[in-house]
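K.L.:
Structure file run.cif (mmCIF, C-alpha atoms) is given on the next line.
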```
data_model
loop_
_atom_site.group_PDB
_atom_site.id
_atom_site.type_symbol
_atom_site.label_atom_id
_atom_site.label_comp_id
_atom_site.auth_asym_id
_atom_site.auth_seq_id
_atom_site.Cartn_x
_atom_site.Cartn_y
_atom_site.Cartn_z
ATOM 1 C CA MET A 5 7.754 -21.401 24.506
ATOM 2 C CA GLY A 6 11.443 -22.251 24.704
ATOM 3 C CA ALA A 7 14.989 -21.366 23.662
ATOM 4 C CA LEU A 8 15.982 -21.978 20.054
ATOM 5 C CA ALA A 9 19.189 -21.581 18.060
ATOM 6 C CA MET A 10 18.680 -18.827 15.477
ATOM 7 C CA PHE A 11 20.098 -18.174 12.012
ATOM 8 C CA PRO A 12 19.430 -14.578 10.803
ATOM 9 C CA LEU A 13 19.396 -14.301 7.003
ATOM 10 C CA GLY A 14 18.883 -11.685 4.319
ATOM 11 C CA SER A 15 15.780 -13.481 3.067
ATOM 12 C CA VAL A 16 12.528 -14.830 4.492
ATOM 13 C CA LEU A 17 11.875 -18.541 4.893
ATOM 14 C CA PHE A 18 8.228 -19.535 4.474
ATOM 15 C CA PRO A 19 6.600 -22.657 5.880
ATOM 16 C CA HIS A 20 6.837 -25.647 3.505
ATOM 17 C CA MET A 21 9.626 -24.040 1.458
ATOM 18 C CA PRO A 22 13.189 -25.401 1.078
ATOM 19 C CA LEU A 23 16.243 -23.534 2.304
ATOM 20 C CA ALA A 24 19.762 -24.148 0.982
ATOM 21 C CA LEU A 25 22.610 -22.911 3.193
ATOM 22 C CA ARG A 26 26.381 -22.923 2.939
ATOM 23 C CA VAL A 27 27.820 -22.632 6.434
ATOM 24 C CA PHE A 28 31.354 -21.355 6.875
ATOM 25 C CA GLU A 29 31.335 -19.220 10.039
ATOM 26 C CA GLU A 30 32.621 -20.978 13.138
ATOM 27 C CA ARG A 31 29.679 -19.801 15.266
ATOM 28 C CA TYR A 32 27.227 -21.524 12.934
ATOM 29 C CA ARG A 33 29.360 -24.651 12.766
ATOM 30 C CA VAL A 34 28.951 -24.782 16.537
ATOM 31 C CA MET A 35 25.219 -24.203 16.122
ATOM 32 C CA LEU A 36 24.911 -27.088 13.660
ATOM 33 C CA ALA A 37 26.839 -29.427 15.959
ATOM 34 C CA ARG A 38 24.404 -28.631 18.763
ATOM 35 C CA VAL A 39 21.291 -28.743 16.578
ATOM 36 C CA LEU A 40 22.183 -32.118 15.095
ATOM 37 C CA THR A 41 22.394 -33.682 18.552
ATOM 38 C CA GLY A 42 18.734 -32.825 19.107
ATOM 39 C CA GLU A 43 15.855 -35.035 18.081
ATOM 40 C CA ASP A 44 14.317 -32.557 15.618
ATOM 41 C CA ALA A 45 17.473 -30.951 14.131
ATOM 42 C CA GLU A 46 15.734 -27.564 14.071
ATOM 43 C CA PHE A 47 16.786 -23.919 14.199
ATOM 44 C CA GLY A 48 14.985 -20.627 13.705
ATOM 45 C CA VAL A 49 15.340 -18.332 10.695
ATOM 46 C CA VAL A 50 14.577 -14.602 10.895
ATOM 47 C CA LEU A 51 15.088 -11.745 8.462
ATOM 48 C CA ILE A 52 17.953 -9.340 9.140
ATOM 49 C CA GLU A 53 16.641 -5.800 9.634
ATOM 50 C CA ARG A 54 20.046 -4.088 9.484
ATOM 51 C CA GLY A 55 23.526 -5.476 9.032
ATOM 52 C CA ARG A 56 24.976 -8.431 7.133
ATOM 53 C CA GLU A 57 24.655 -12.207 7.321
ATOM 54 C CA ALA A 58 28.342 -12.761 8.058
ATOM 55 C CA GLY A 59 30.297 -11.302 10.947
ATOM 56 C CA GLY A 60 27.609 -10.772 13.586
ATOM 57 C CA GLY A 61 26.189 -7.593 15.078
ATOM 58 C CA GLU A 62 23.113 -7.616 12.851
ATOM 59 C CA HIS A 63 19.668 -6.331 13.922
ATOM 60 C CA ARG A 64 16.888 -8.848 13.425
ATOM 61 C CA PHE A 65 13.138 -8.895 12.958
ATOM 62 C CA ALA A 66 11.114 -10.794 15.545
ATOM 63 C CA ILE A 67 8.988 -12.978 13.219
ATOM 64 C CA GLY A 68 10.493 -16.076 11.668
ATOM 65 C CA THR A 69 10.164 -19.728 10.750
ATOM 66 C CA VAL A 70 11.532 -22.938 12.177
ATOM 67 C CA ALA A 71 13.783 -24.794 9.729
ATOM 68 C CA ARG A 72 14.311 -28.547 9.993
ATOM 69 C CA ILE A 73 17.482 -29.994 8.460
ATOM 70 C CA VAL A 74 16.702 -32.693 5.897
ATOM 71 C CA GLU A 75 20.059 -33.055 4.125
ATOM 72 C CA LEU A 76 23.661 -32.391 5.095
ATOM 73 C CA GLY A 77 26.924 -32.561 3.165
ATOM 74 C CA ALA A 78 30.332 -30.987 2.537
ATOM 75 C CA LEU A 79 31.148 -28.316 -0.036
ATOM 76 C CA ASP A 80 34.883 -27.613 -0.246
ATOM 77 C CA ASP A 81 35.731 -26.613 3.334
ATOM 78 C CA ASP A 82 32.181 -25.497 4.116
ATOM 79 C CA ILE A 83 29.068 -27.337 5.275
ATOM 80 C CA ALA A 84 26.161 -27.506 2.857
ATOM 81 C CA LEU A 85 22.678 -28.217 4.132
ATOM 82 C CA ILE A 86 19.089 -28.321 2.967
ATOM 83 C CA ALA A 87 16.346 -27.475 5.438
ATOM 84 C CA ARG A 88 12.588 -27.169 5.145
ATOM 85 C CA GLY A 89 10.422 -24.440 6.627
ATOM 86 C CA GLY A 90 7.981 -25.518 9.310
ATOM 87 C CA ARG A 91 5.951 -23.609 11.873
ATOM 88 C CA ARG A 92 6.092 -19.828 12.290
ATOM 89 C CA ILE A 93 7.609 -18.364 15.430
ATOM 90 C CA GLU A 94 7.773 -15.032 17.259
ATOM 91 C CA VAL A 95 10.834 -13.997 19.228
ATOM 92 C CA VAL A 96 9.891 -13.182 22.805
ATOM 93 C CA ARG A 97 13.423 -12.317 23.923
ATOM 94 C CA TRP A 98 16.869 -12.446 22.370
ATOM 95 C CA LEU A 99 19.505 -14.177 24.484
ATOM 96 C CA ASP A 100 23.250 -13.574 24.495
ATOM 97 C CA ASP A 101 25.082 -15.135 21.553
ATOM 98 C CA ASP A 102 26.665 -18.443 22.624
ATOM 99 C CA PRO A 103 28.530 -18.081 20.216
ATOM 100 C CA HIS A 104 25.624 -18.148 17.720
ATOM 101 C CA PRO A 105 22.328 -16.232 18.158
ATOM 102 C CA MET A 106 19.793 -17.679 20.585
ATOM 103 C CA ALA A 107 16.250 -16.595 21.396
ATOM 104 C CA VAL A 108 13.243 -17.508 23.483
ATOM 105 C CA VAL A 109 10.435 -18.058 20.980
ATOM 106 C CA ARG A 110 6.777 -19.001 20.903
ATOM 107 C CA ASP A 111 4.813 -20.628 18.117
ATOM 108 C CA MET A 112 2.421 -18.561 16.027
ATOM 109 C CA PRO A 113 -1.036 -19.978 15.186
ATOM 110 C CA GLU A 114 -1.340 -22.143 12.087
ATOM 111 C CA LEU A 115 -3.454 -20.722 9.266
ATOM 112 C CA GLU A 116 -6.660 -22.643 8.647
ATOM 113 C CA TRP A 117 -8.221 -23.557 5.322
ATOM 114 C CA ASP A 118 -11.778 -22.581 4.438
ATOM 115 C CA GLU A 119 -13.342 -23.936 1.260
ATOM 116 C CA SER A 120 -14.740 -20.469 0.508
ATOM 117 C CA LEU A 121 -11.129 -19.383 -0.134
ATOM 118 C CA ARG A 122 -10.594 -21.752 -3.067
ATOM 119 C CA GLY A 123 -11.325 -19.038 -5.650
ATOM 120 C CA MET A 124 -8.873 -16.642 -3.965
ATOM 121 C CA ARG A 125 -6.181 -19.320 -3.857
ATOM 122 C CA GLU A 126 -6.643 -20.131 -7.541
ATOM 123 C CA GLN A 127 -6.476 -16.421 -8.413
ATOM 124 C CA ALA A 128 -3.291 -16.037 -6.332
ATOM 125 C CA GLU A 129 -1.701 -18.953 -8.163
ATOM 126 C CA LEU A 130 -2.530 -17.460 -11.573
ATOM 127 C CA VAL A 131 -1.148 -14.051 -10.559
ATOM 128 C CA VAL A 132 2.058 -15.455 -9.047
ATOM 129 C CA ARG A 133 2.810 -17.863 -11.900
ATOM 130 C CA ARG A 134 2.205 -15.128 -14.478
ATOM 131 C CA ALA A 135 4.432 -12.690 -12.569
ATOM 132 C CA VAL A 136 7.239 -15.233 -12.222
ATOM 133 C CA SER A 137 7.113 -16.026 -15.951
ATOM 134 C CA ARG A 138 7.136 -12.354 -16.924
ATOM 135 C CA ALA A 139 9.744 -11.249 -14.384
ATOM 136 C CA SER A 140 12.086 -14.047 -15.485
ATOM 137 C CA GLU A 141 12.387 -12.251 -18.841
ATOM 138 C CA PHE A 142 14.146 -9.384 -17.047
ATOM 139 C CA VAL A 143 15.817 -10.830 -13.938
ATOM 140 C CA GLU A 144 17.154 -14.183 -12.778
ATOM 141 C CA LEU A 145 14.768 -15.908 -10.378
ATOM 142 C CA PRO A 146 15.228 -19.034 -8.249
ATOM 143 C CA TRP A 147 11.829 -20.424 -9.275
ATOM 144 C CA GLY A 148 10.078 -21.027 -12.578
ATOM 145 C CA GLY A 149 6.509 -20.195 -13.450
ATOM 146 C CA ASP A 150 5.533 -23.868 -13.361
ATOM 147 C CA ALA A 151 7.180 -24.808 -10.043
ATOM 148 C CA GLU A 152 5.411 -27.760 -8.428
ATOM 149 C CA LEU A 153 3.152 -27.062 -5.450
ATOM 150 C CA SER A 154 1.711 -29.223 -2.708
ATOM 151 C CA ASP A 155 -1.810 -30.619 -3.097
ATOM 152 C CA ASP A 156 -2.626 -29.246 0.351
ATOM 153 C CA PRO A 157 -4.211 -25.783 -0.052
ATOM 154 C CA VAL A 158 -2.540 -24.251 3.023
ATOM 155 C CA GLU A 159 0.898 -25.615 2.156
ATOM 156 C CA SER A 160 0.562 -24.522 -1.478
ATOM 157 C CA SER A 161 -0.474 -21.022 -0.375
ATOM 158 C CA TRP A 162 2.752 -20.667 1.599
ATOM 159 C CA GLN A 163 4.696 -22.072 -1.344
ATOM 160 C CA LEU A 164 3.138 -19.484 -3.657
ATOM 161 C CA ALA A 165 4.298 -16.810 -1.219
ATOM 162 C CA GLY A 166 7.760 -18.349 -1.403
ATOM 163 C CA ILE A 167 8.051 -18.240 -5.202
ATOM 164 C CA ALA A 168 6.349 -14.854 -5.697
ATOM 165 C CA PRO A 169 8.864 -12.297 -7.098
ATOM 166 C CA ILE A 170 8.530 -9.806 -4.234
ATOM 167 C CA GLY A 171 10.994 -8.125 -1.880
ATOM 168 C CA PRO A 172 11.953 -9.312 1.623
ATOM 169 C CA LEU A 173 9.856 -6.706 3.465
ATOM 170 C CA ASP A 174 6.772 -7.751 1.507
ATOM 171 C CA GLN A 175 7.682 -11.363 2.262
ATOM 172 C CA LEU A 176 7.873 -10.514 5.953
ATOM 173 C CA ALA A 177 4.432 -8.893 5.782
ATOM 174 C CA LEU A 178 3.061 -12.114 4.277
ATOM 175 C CA LEU A 179 4.742 -14.171 6.986
ATOM 176 C CA ARG A 180 2.925 -12.077 9.620
ATOM 177 C CA SER A 181 -0.508 -12.916 8.146
ATOM 178 C CA THR A 182 -3.132 -13.816 10.757
ATOM 179 C CA SER A 183 -5.447 -15.614 8.326
ATOM 180 C CA LEU A 184 -5.203 -17.407 5.014
ATOM 181 C CA ARG A 185 -7.536 -14.836 3.486
ATOM 182 C CA GLU A 186 -5.124 -12.063 4.483
ATOM 183 C CA LEU A 187 -2.162 -14.032 3.120
ATOM 184 C CA LEU A 188 -3.795 -14.598 -0.276
ATOM 185 C CA ALA A 189 -5.103 -11.035 -0.643
ATOM 186 C CA ARG A 190 -1.763 -9.456 0.234
ATOM 187 C CA MET A 191 0.086 -11.916 -1.987
ATOM 188 C CA VAL A 192 -1.950 -10.841 -5.027
ATOM 189 C CA GLU A 193 -1.505 -7.144 -4.175
ATOM 190 C CA PHE A 194 2.261 -7.338 -3.594
ATOM 191 C CA THR A 195 2.866 -9.544 -6.630
ATOM 192 C CA ILE A 196 1.025 -7.239 -9.025
ATOM 193 C CA GLU A 197 2.892 -4.216 -7.646
ATOM 194 C CA SER A 198 6.231 -6.007 -7.958
ATOM 195 C CA GLU A 199 5.484 -7.161 -11.498
ATOM 196 C CA GLU A 200 4.760 -3.577 -12.558
ATOM 197 C CA THR A 201 7.899 -2.298 -10.823
ATOM 198 C CA ILE A 202 10.165 -4.881 -12.457
ATOM 199 C CA ALA A 203 8.751 -4.192 -15.926
ATOM 200 C CA ALA A 204 9.037 -0.418 -15.473
ATOM 201 C CA ALA A 205 12.663 -0.712 -14.366
ATOM 202 C CA PHE A 206 13.602 -2.156 -17.732
ATOM 203 C CA VAL A 207 11.835 0.438 -19.882
ATOM 204 C CA ASP A 208 14.358 2.550 -21.816
ATOM 205 C CA PRO A 209 12.863 6.058 -22.270
ATOM 206 C CA ASP A 210 15.620 7.088 -24.695
ATOM 207 C CA LEU A 211 14.920 4.082 -26.889
ATOM 208 C CA ASP A 212 11.190 4.756 -26.719
ATOM 209 C CA ALA A 213 11.804 8.363 -27.806
ATOM 210 C CA GLU A 214 14.005 7.234 -30.715
ATOM 211 C CA LEU A 215 11.337 4.796 -31.868
ATOM 212 C CA ALA A 216 8.655 7.470 -31.638
ATOM 213 C CA ASP A 217 10.784 9.877 -33.720
ATOM 214 C CA ALA A 218 11.456 7.183 -36.320
ATOM 215 C CA ILE A 219 7.763 6.364 -36.598
ATOM 216 C CA ALA A 220 6.868 10.048 -36.934
ATOM 217 C CA GLU A 221 9.568 10.582 -39.587
ATOM 218 C CA ALA A 222 8.339 7.571 -41.539
ATOM 219 C CA ALA A 223 4.792 8.903 -41.374
ATOM 220 C CA ARG A 224 5.901 12.334 -42.655
ATOM 221 C CA ALA A 225 7.870 10.771 -45.513
ATOM 222 C CA ASP A 226 4.873 8.657 -46.455
ATOM 223 C CA GLY A 227 2.621 11.691 -46.438
ATOM 224 C CA GLU A 228 4.992 13.742 -48.610
ATOM 225 C CA GLY A 229 5.190 10.928 -51.169
ATOM 226 C CA ALA A 230 1.415 10.500 -51.510
ATOM 227 C CA PRO A 231 -0.258 11.792 -54.708
ATOM 228 C CA ALA A 232 -2.025 15.115 -54.375
ATOM 229 C CA ASP A 233 -5.318 13.692 -55.604
ATOM 230 C CA ALA A 234 -5.205 10.660 -53.340
ATOM 231 C CA GLY A 235 -8.689 9.761 -52.282
ATOM 232 C CA ALA A 236 -9.969 8.938 -48.811
ATOM 233 C CA PRO A 237 -8.824 5.626 -47.341
ATOM 234 C CA PRO A 238 -11.220 2.712 -47.370
ATOM 235 C CA ASP A 239 -13.553 2.399 -44.394
ATOM 236 C CA ASP A 240 -11.592 -0.470 -42.852
ATOM 237 C CA ALA A 241 -8.192 1.284 -43.055
ATOM 238 C CA ASP A 242 -8.291 2.277 -39.396
ATOM 239 C CA ALA A 243 -9.020 -1.274 -38.355
ATOM 240 C CA ARG A 244 -6.146 -2.604 -40.432
ATOM 241 C CA ALA A 245 -3.802 -0.035 -38.899
ATOM 242 C CA GLN A 246 -4.442 -1.198 -35.347
ATOM 243 C CA PRO A 247 -1.869 -3.730 -34.070
ATOM 244 C CA ASP A 248 -3.161 -6.883 -32.463
ATOM 245 C CA ASP A 249 -2.694 -7.102 -28.689
ATOM 246 C CA PRO A 250 0.075 -9.573 -27.866
ATOM 247 C CA ASP A 251 -0.685 -12.482 -25.613
ATOM 248 C CA PRO A 252 1.049 -11.612 -22.289
ATOM 249 C CA ASP A 253 0.962 -15.067 -20.760
ATOM 250 C CA SER A 254 3.992 -17.313 -20.785
ATOM 251 C CA ASP A 255 5.355 -20.210 -18.757
ATOM 252 C CA ALA A 256 8.776 -21.087 -17.409
ATOM 253 C CA ASP A 257 10.284 -24.083 -15.741
ATOM 254 C CA ALA A 258 12.914 -24.123 -13.005
ATOM 255 C CA ASP A 259 13.144 -25.613 -9.576
ATOM 256 C CA PRO A 260 16.325 -24.650 -7.730
ATOM 257 C CA GLY A 261 16.094 -23.917 -4.013
ATOM 258 C CA PRO A 262 16.810 -20.413 -2.645
ATOM 259 C CA ASP A 263 20.362 -19.965 -1.454
ATOM 260 C CA GLY A 264 21.856 -18.436 1.668
ATOM 261 C CA ARG A 265 25.190 -18.114 3.363
ATOM 262 C CA GLY A 266 26.173 -18.129 6.970
#
```
Can the structure in the file be given as structure tokens, please?

P.N.:
Amino acid sequence: MGALAMFPLGSVLFPHMPLALRVFEERYRVMLARVLTGEDAEFGVVLIERGREAGGGEHRFAIGTVARIVELGALDDDIALIARGGRRIEVVRWLDDDPHPMAVVRDMPELEWDESLRGMREQAELVVRRAVSRASEFVELPWGGDAELSDDPVESSWQLAGIAPIGPLDQLALLRSTSLRELLARMVEFTIESEETIAAAFVDPDLDAELADAIAEAARADGEGAPADAGAPPDDADARAQPDDPDPDSDADADPGPDGRG
């Protein structure tokens, strides 16, 4: 347990996932100067519950992840950095801003791998990759369906959580997981729900109604033009009239890191 500089964001950072930040606020410039003098160059990342990333005064959730800076550079007048998610933390007590947020934190237990979970992990990967590929047809995502994962099963499970196309509150629920089994089960559940929600949001009921009317009109016109003594259709007519089911699976490729501002 100890004090740690904190960086509240509008997104969740998972262990073993990259974090790209563009720092322009003076309070976080001060934070970086202090962090970089330390041996580990670490700070904590938590999800903002209410408020905005810039300006201060935000309300924050108490579960987060330690981020270690791995790359630093300049972008115009701002500071650009790349960090990598490490261990999970829980905020015990928020301290006064000085001038950036500070908190007393304690480490959360690491999730442990069990070989009996291999089937669940493989299923989670299939579900997440499929959802990313499908969702990318409707919305812009930071990750592709064939994003590279670690060979380590625990690390890759966290990375799957990081690329899954789900909302920040679902991400936070995954970050709170007390076992790898819970993480994988919830990941599959949330991803399937999100995939259905994204697809439904892009359904156009007016267009569907117009298509249905056009099909019905075409069927009526076809019926009116048929000869009166037309015989019964051949036995396989119904089978020929049934459309083949499309193959829903597709792949995508992209590997940019998530972006944040501070």

K.L.:
Quick one: of A:Val192, A:Ala168, A:Ala24, A:Ala135, who's nearest to Gly89 (chain A), counting all atoms listed in the file?

P.N.:
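Comparing A:Val192, A:Ala168, A:Ala24, A:Ala135 against Gly89 (chain A), the winner is A:Ala24.
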
K.L.:
Kindly compute an axis-aligned box around the listed atoms of region 169-184 of chain A, allowing 3 Å on each side, and express its centre and edge lengths in Å to one decimal as lines of an AutoDock Vina configuration file.

P.N.:
```
center_x = 3.3
center_y = -12.1
center_z = 1.8
size_x = 23.4
size_y = 16.7
size_z = 23.9
```

K.L.:
For the atom pair CA of Asp80 (chain A) and CA of Phe11 (chain A), what is the interatomic distance in Å to one decimal place?

P.N.:
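That distance, rounded to one decimal, is 21.4 Å.
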
K.L.:
Would you please work out which residue, of A:Glu46, A:Glu186, A:Glu141, A:Glu116, is nearest to Ala203 (chain A) when using all atoms listed in the file?

P.N.:
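Counting all atoms listed in the file, the residue closest to Ala203 (chain A) is A:Glu141.
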
K.L.:
Suppose a student applies the PyMOL selection byres ((chain A and resi 113) around 8) to this structure; what residues should they get, written as a PyMOL selection string?

P.N.:
chain A and resi 92+111-112+114-115+182

K.L.:
Compile the contact shell of Pro19 (chain A) as a CSV table (one decimal) with C-alpha atoms, in the frame of the given file: residues with an atom at most 7 Å away, counting all atoms listed in the file, same-chain residues fewer than 2 positions apart removed.

P.N.:
```csv
chain,number,residue,atom,x,y,z
A,17,LEU,CA,11.9,-18.5,4.9
A,21,MET,CA,9.6,-24.0,1.5
A,69,THR,CA,10.2,-19.7,10.8
A,89,GLY,CA,10.4,-24.4,6.6
A,90,GLY,CA,8.0,-25.5,9.3
A,91,ARG,CA,6.0,-23.6,11.9
A,162,TRP,CA,2.8,-20.7,1.6
```

K.L.:
Please expand the PyMOL selection byres ((chain A and resi 117) around 10) into the concrete residues it hits in this file, giving the result as a PyMOL selection string.

P.N.:
chain A and resi 114-116+118-122+156-159+161+183-185

K.L.:
Measuring atom to atom with all atoms listed in the file, identify which of A:Val27, A:Ala165, A:Ile67, A:Met5 is nearest to Ile83 (chain A).

P.N.:
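Closest to Ile83 (chain A) of all the choices is A:Val27.
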
K.L.:
Ranking A:Leu51, A:Met124, A:Val132, A:Val108 by minimum distance to Glu197 (chain A) and counting all atoms listed in the file, which one comes first?

P.N.:
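Ranking A:Leu51, A:Met124, A:Val132, A:Val108 by distance to Glu197 (chain A), first place goes to A:Val132.
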
K.L.:
Between A:Leu99, A:Val109, A:Leu85, A:Ile202, single out the one closest to Phe142 (chain A), counting all atoms listed in the file.

P.N.:
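With all atoms listed in the file as the atom set, the closest residue is A:Ile202.
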
K.L.:
What lies within 7 Å of Pro169 (chain A) using all atoms listed in the file, ignoring chain neighbours under 4 positions off, as a PyMOL selection string?

P.N.:
chain A and resi 136+195+198

K.L.:
With only C-alpha atoms as the basis for distance, which of A:Ala204, A:Leu178, A:Ile196, A:Leu40 is at the shortest distance from Gln127 (chain A)?

P.N.:
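Nearest candidate to Gln127 (chain A) out of A:Ala204, A:Leu178, A:Ile196, A:Leu40: A:Ile196.
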
K.L.:
So what do you get for CA of Val16 (chain A) versus CA of Gly148 (chain A), distance-wise?

P.N.:
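Interatomic distance, CA of Val16 (chain A) to CA of Gly148 (chain A): 18.3 Å.
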
K.L.:
So what do you get for CA of Ala78 (chain A) versus CA of Ala7 (chain A), distance-wise?

P.N.:
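CA of Ala7 (chain A) lies at a distance of 27.8 Å from CA of Ala78 (chain A).
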
K.L.:
Report as a PyMOL selection string the residues that result from applying the PyMOL selection byres ((chain A and resi 10) around 7) to the structure here.

P.N.:
chain A and resi 8-9+11-12+47-49+105-107

K.L.:
Using the structure block above, produce a file of region 147-155 of chain A that contains all heavy atoms, as a short mmCIF file (atom, residue, chain, number, x, y, z; two decimals), in the first residue's frame.

P.N.:
```
data_model
loop_
_atom_site.label_atom_id
_atom_site.label_comp_id
_atom_site.auth_asym_id
_atom_site.auth_seq_id
_atom_site.Cartn_x
_atom_site.Cartn_y
_atom_site.Cartn_z
N TRP A 147 -9.12 -1.38 -32.68
CA TRP A 147 -8.46 -2.67 -32.86
C TRP A 147 -9.13 -3.45 -33.98
O TRP A 147 -10.34 -3.37 -34.17
CB TRP A 147 -8.50 -3.49 -31.57
CG TRP A 147 -7.85 -2.79 -30.43
CD1 TRP A 147 -8.47 -2.09 -29.42
CD2 TRP A 147 -6.45 -2.67 -30.17
NE1 TRP A 147 -7.54 -1.55 -28.57
CE2 TRP A 147 -6.30 -1.89 -29.01
CE3 TRP A 147 -5.31 -3.16 -30.82
CZ2 TRP A 147 -5.05 -1.58 -28.48
CZ3 TRP A 147 -4.07 -2.85 -30.29
CH2 TRP A 147 -3.95 -2.08 -29.12
N GLY A 148 -8.34 -4.26 -34.68
CA GLY A 148 -8.87 -5.12 -35.72
C GLY A 148 -9.18 -6.51 -35.18
O GLY A 148 -8.74 -6.89 -34.10
N GLY A 149 -9.91 -7.26 -35.97
CA GLY A 149 -10.30 -8.60 -35.55
C GLY A 149 -9.14 -9.58 -35.46
O GLY A 149 -9.27 -10.63 -34.85
N ASP A 150 -8.00 -9.25 -36.07
CA ASP A 150 -6.85 -10.14 -35.99
C ASP A 150 -5.68 -9.50 -35.23
O ASP A 150 -4.52 -9.76 -35.52
CB ASP A 150 -6.40 -10.58 -37.38
CG ASP A 150 -6.03 -9.41 -38.27
OD1 ASP A 150 -6.23 -8.25 -37.85
OD2 ASP A 150 -5.53 -9.64 -39.39
N ALA A 151 -6.01 -8.66 -34.24
CA ALA A 151 -4.96 -8.05 -33.41
C ALA A 151 -4.13 -9.14 -32.74
O ALA A 151 -4.66 -10.16 -32.29
CB ALA A 151 -5.60 -7.15 -32.35
N GLU A 152 -2.82 -8.94 -32.66
CA GLU A 152 -1.94 -9.92 -32.07
C GLU A 152 -2.11 -9.97 -30.55
O GLU A 152 -2.28 -8.95 -29.90
CB GLU A 152 -0.48 -9.61 -32.40
CG GLU A 152 -0.14 -9.82 -33.88
CD GLU A 152 1.36 -9.68 -34.13
OE1 GLU A 152 2.12 -9.68 -33.15
OE2 GLU A 152 1.74 -9.58 -35.31
N LEU A 153 -2.05 -11.18 -30.00
CA LEU A 153 -2.18 -11.39 -28.57
C LEU A 153 -0.92 -12.07 -28.03
O LEU A 153 -0.19 -12.73 -28.77
CB LEU A 153 -3.40 -12.26 -28.26
CG LEU A 153 -4.76 -11.78 -28.75
CD1 LEU A 153 -5.82 -12.81 -28.41
CD2 LEU A 153 -5.11 -10.44 -28.15
N SER A 154 -0.73 -11.93 -26.73
CA SER A 154 0.39 -12.59 -26.07
C SER A 154 0.19 -14.11 -26.09
O SER A 154 -0.94 -14.62 -26.15
CB SER A 154 0.48 -12.11 -24.61
OG SER A 154 1.39 -12.91 -23.87
N ASP A 155 1.30 -14.85 -26.01
CA ASP A 155 1.22 -16.31 -25.90
C ASP A 155 0.84 -16.74 -24.50
O ASP A 155 0.41 -17.89 -24.29
CB ASP A 155 2.57 -16.93 -26.28
CG ASP A 155 2.91 -16.75 -27.76
OD1 ASP A 155 1.96 -16.66 -28.56
OD2 ASP A 155 4.11 -16.70 -28.09
#
```
